[in-house]
Amino acid sequence: MSETDDLLALAIRLAREAGAIQRERYETDLTIATKSAAVDLVTEVDHACEALVVGAIERERPDDAILAEEGSGVDRPGARHRWVIDPLDGTTNYAHAYPRFCVSIGVEREGEPLLGVVYDPLMDELYTATAGGGAFCNDRPIHVSTETALDRALLATGFAYDRRKSERDNLESFAAMLKSARALRRDGSAALDLCYVAAGRLDGYWELKLSPWDVAAGALIVEEAGGRMSDVHGGSDHRSGRTVVASNGALHEAMRRVLLDTGAAA
Ligand code: IPD
Ligand code: CA
Ligand code: CA
């Protein structure tokens, strides 16, 4: 097995194990706290999933750097590999027993995306991609949609946790897209939204003010499924999460135009 195969196998194992915790604790009484804002939640399951994933990487890959949302990662400057982990993407959904959440694990090699794994434990859907190796859902190849017209497109987006205070709240873009597209969804898990673009269930997705762990895995899965990822300017800053546009490629410029016209630029 190549080193990439080993890393992929480890990422899949950890995503499934964390997903099993999410499945077991779903719809149970959870301890819930807030983070950056009253609407930014974290549950004991976020922490339990992160402890499982980070603990295993530390044991099995002690030289690798780790960036993990809840802060238990280890920054190792100069490390060849970096893991970028969202232990539970869709925490608000999870806290409300709304069945849409996942584990997201990306790995970079020398700063470039190498692989992505996203696991939806309730649907038992495992999305995987490796750079140059294509994208899969439960081992079946997936591809973005072929839709070419924005007015026939199904799109998704999300709203940042600072929306009660910030004027850059995505509402103007949301309104404009609502008028332009066939329909919009806001389903509360950025990583799954990206996988749905990759699988052709959504034609496009955008969001502002995400973080690297929201997109590390899903962005590679979209690209390997034949889609396009960029920031609102068409560059590669989507990896920071500041502005993220994902599409089947054909709709990308039309989506970017609407976003730029409605003040979505950072
Ligand atoms: C959030 C979800 C949500 C998106 C937020 C993210 P979290 O991640 O992906 O869909 O709209 O911007 O922060 O907090 O549930 O991991
Ligand atoms: Ca997230
Ligand atoms: Ca999270």
# chains A, B, ... in the order shown; residues from 1 in each chain; ligands from 1
call {"tool": "residues_near_ligand", "arguments": {"ligand": "ligand 2", "cutoff": "12 Å", "atoms": "only C-alpha atoms and all ligand atoms", "output": "ChimeraX atom specification"}}
result
/A:40-42,46,68-70,84-94,101-105,118,158-161,188-194,207,209-218,241
call {"tool": "closest_residue", "arguments": {"among": "A:Thr43, A:Val54, A:Arg25, A:Ala131", "to": "Leu10 (chain A)", "atoms": "only C-alpha atoms"}}
result
A:Val54
call {"tool": "atom_distance", "arguments": {"atom1": "CA of Arg257 (chain A)", "atom2": "CA of Met229 (chain A)"}}
result
14.6 Å
call {"tool": "atom_distance", "arguments": {"atom1": "CA of Gln22 (chain A)", "atom2": "CA of Val117 (chain A)"}}
result
16.0 Å
call {"tool": "closest_residue", "arguments": {"among": "A:Glu172, A:Asp139, A:Asp124, A:Asp162", "to": "Ala20 (chain A)", "atoms": "only C-alpha atoms"}}
result
A:Asp124
call {"tool": "atom_distance", "arguments": {"atom1": "CA of Ala129 (chain A)", "atom2": "CA of Leu220 (chain A)"}}
result
6.6 Å
call {"tool": "closest_residue", "arguments": {"among": "A:Ala198, A:Leu184, A:Cys137, A:Leu208", "to": "ligand 1", "atoms": "only C-alpha atoms and all ligand atoms"}}
result
A:Leu208
call {"tool": "select_by_dssp", "arguments": {"residues": "region 70-218 of chain A", "states": "helix (DSSP H, G or I)", "output": "ChimeraX atom specification"}}
result
/A:91-95,150-152,171-180,190-198,212-218
call {"tool": "write_last_selection", "arguments": {"atoms": "N, CA and C atoms", "output": "CSV table (one decimal), in the first residue's frame"}}
result
chain,number,residue,atom,x,y,z
A,91,THR,N,-23.4,21.1,13.8
A,91,THR,CA,-23.7,21.0,15.3
A,91,THR,C,-25.1,21.5,15.7
A,92,THR,N,-25.5,22.6,15.0
A,92,THR,CA,-26.9,23.1,15.4
A,92,THR,C,-27.9,22.0,15.0
A,93,ASN,N,-27.8,21.4,13.9
A,93,ASN,CA,-28.7,20.3,13.5
A,93,ASN,C,-28.6,19.2,14.5
A,94,TYR,N,-27.4,18.8,14.9
A,94,TYR,CA,-27.2,17.7,15.8
A,94,TYR,C,-27.9,18.0,17.2
A,95,ALA,N,-27.7,19.2,17.6
A,95,ALA,CA,-28.3,19.6,18.9
A,95,ALA,C,-29.8,19.6,18.9
A,150,LEU,N,-28.6,28.7,-14.7
A,150,LEU,CA,-28.8,29.1,-13.3
A,150,LEU,C,-30.3,29.0,-13.0
A,151,ASP,N,-31.2,29.3,-13.9
A,151,ASP,CA,-32.6,29.3,-13.6
A,151,ASP,C,-33.2,27.9,-13.5
A,152,ARG,N,-32.4,26.9,-13.7
A,152,ARG,CA,-32.9,25.5,-13.5
A,152,ARG,C,-32.1,24.9,-12.4
A,171,LEU,N,-27.4,37.9,3.2
A,171,LEU,CA,-28.8,38.0,2.9
A,171,LEU,C,-29.1,38.6,1.5
A,172,GLU,N,-28.3,39.6,1.1
A,172,GLU,CA,-28.5,40.2,-0.2
A,172,GLU,C,-28.2,39.1,-1.3
A,173,SER,N,-27.2,38.4,-1.1
A,173,SER,CA,-26.8,37.3,-2.1
A,173,SER,C,-27.9,36.3,-2.1
A,174,PHE,N,-28.4,35.9,-0.9
A,174,PHE,CA,-29.4,34.9,-0.8
A,174,PHE,C,-30.7,35.3,-1.6
A,175,ALA,N,-31.1,36.6,-1.4
A,175,ALA,CA,-32.3,37.1,-2.1
A,175,ALA,C,-32.1,37.1,-3.6
A,176,ALA,N,-30.9,37.5,-4.0
A,176,ALA,CA,-30.6,37.5,-5.5
A,176,ALA,C,-30.6,36.1,-6.1
A,177,MET,N,-30.0,35.2,-5.4
A,177,MET,CA,-29.9,33.8,-5.8
A,177,MET,C,-31.3,33.2,-5.8
A,178,LEU,N,-32.1,33.5,-4.8
A,178,LEU,CA,-33.5,33.0,-4.8
A,178,LEU,C,-34.3,33.4,-6.0
A,179,LYS,N,-34.0,34.6,-6.5
A,179,LYS,CA,-34.7,35.0,-7.7
A,179,LYS,C,-34.2,34.4,-8.9
A,180,SER,N,-32.9,34.1,-8.9
A,180,SER,CA,-32.2,33.6,-10.1
A,180,SER,C,-32.3,32.1,-10.3
A,190,ALA,N,-21.9,22.4,6.0
A,190,ALA,CA,-21.2,22.8,4.8
A,190,ALA,C,-20.5,21.7,4.1
A,191,ALA,N,-19.9,20.8,4.9
A,191,ALA,CA,-19.2,19.6,4.3
A,191,ALA,C,-20.1,18.7,3.5
A,192,LEU,N,-21.3,18.5,4.0
A,192,LEU,CA,-22.3,17.7,3.2
A,192,LEU,C,-22.8,18.5,2.0
A,193,ASP,N,-23.0,19.8,2.2
A,193,ASP,CA,-23.4,20.6,1.0
A,193,ASP,C,-22.4,20.4,-0.1
A,194,LEU,N,-21.1,20.4,0.2
A,194,LEU,CA,-20.1,20.2,-0.8
A,194,LEU,C,-20.2,18.8,-1.4
A,195,CYS,N,-20.4,17.8,-0.6
A,195,CYS,CA,-20.5,16.5,-1.1
A,195,CYS,C,-21.7,16.3,-2.0
A,196,TYR,N,-22.8,17.0,-1.7
A,196,TYR,CA,-24.0,17.0,-2.5
A,196,TYR,C,-23.8,17.6,-3.9
A,197,VAL,N,-22.9,18.7,-3.9
A,197,VAL,CA,-22.5,19.2,-5.2
A,197,VAL,C,-21.7,18.2,-6.0
A,198,ALA,N,-20.8,17.5,-5.3
A,198,ALA,CA,-20.0,16.5,-5.9
A,198,ALA,C,-20.8,15.4,-6.5
A,212,PRO,N,-11.2,26.6,7.5
A,212,PRO,CA,-10.6,25.6,6.7
A,212,PRO,C,-11.2,24.2,6.9
A,213,TRP,N,-11.6,23.9,8.2
A,213,TRP,CA,-12.1,22.5,8.5
A,213,TRP,C,-13.4,22.3,7.8
A,214,ASP,N,-14.2,23.3,7.5
A,214,ASP,CA,-15.5,23.1,6.8
A,214,ASP,C,-15.3,22.6,5.4
A,215,VAL,N,-14.2,23.1,4.7
A,215,VAL,CA,-14.0,22.8,3.3
A,215,VAL,C,-12.9,21.9,2.9
A,216,ALA,N,-12.0,21.6,3.9
A,216,ALA,CA,-10.7,20.8,3.5
A,216,ALA,C,-11.1,19.6,2.7
A,217,ALA,N,-12.0,18.8,3.2
A,217,ALA,CA,-12.3,17.5,2.6
A,217,ALA,C,-13.3,17.7,1.4
A,218,GLY,N,-14.3,18.5,1.7
A,218,GLY,CA,-15.4,18.6,0.6
A,218,GLY,C,-14.9,19.3,-0.6
call {"tool": "select_by_dssp", "arguments": {"residues": "region 49-185 of chain A", "states": "strand (DSSP E or B)", "output": "PyMOL selection string"}}
result
chain A and resi 65-68+81-89+102-109+112-120+125-130+134-137+140-141+154-156+183-185
call {"tool": "closest_residue", "arguments": {"among": "A:Glu17, A:Arg164, A:Val222, A:Gly234", "to": "Ala38 (chain A)", "atoms": "only C-alpha atoms"}}
result
A:Arg164
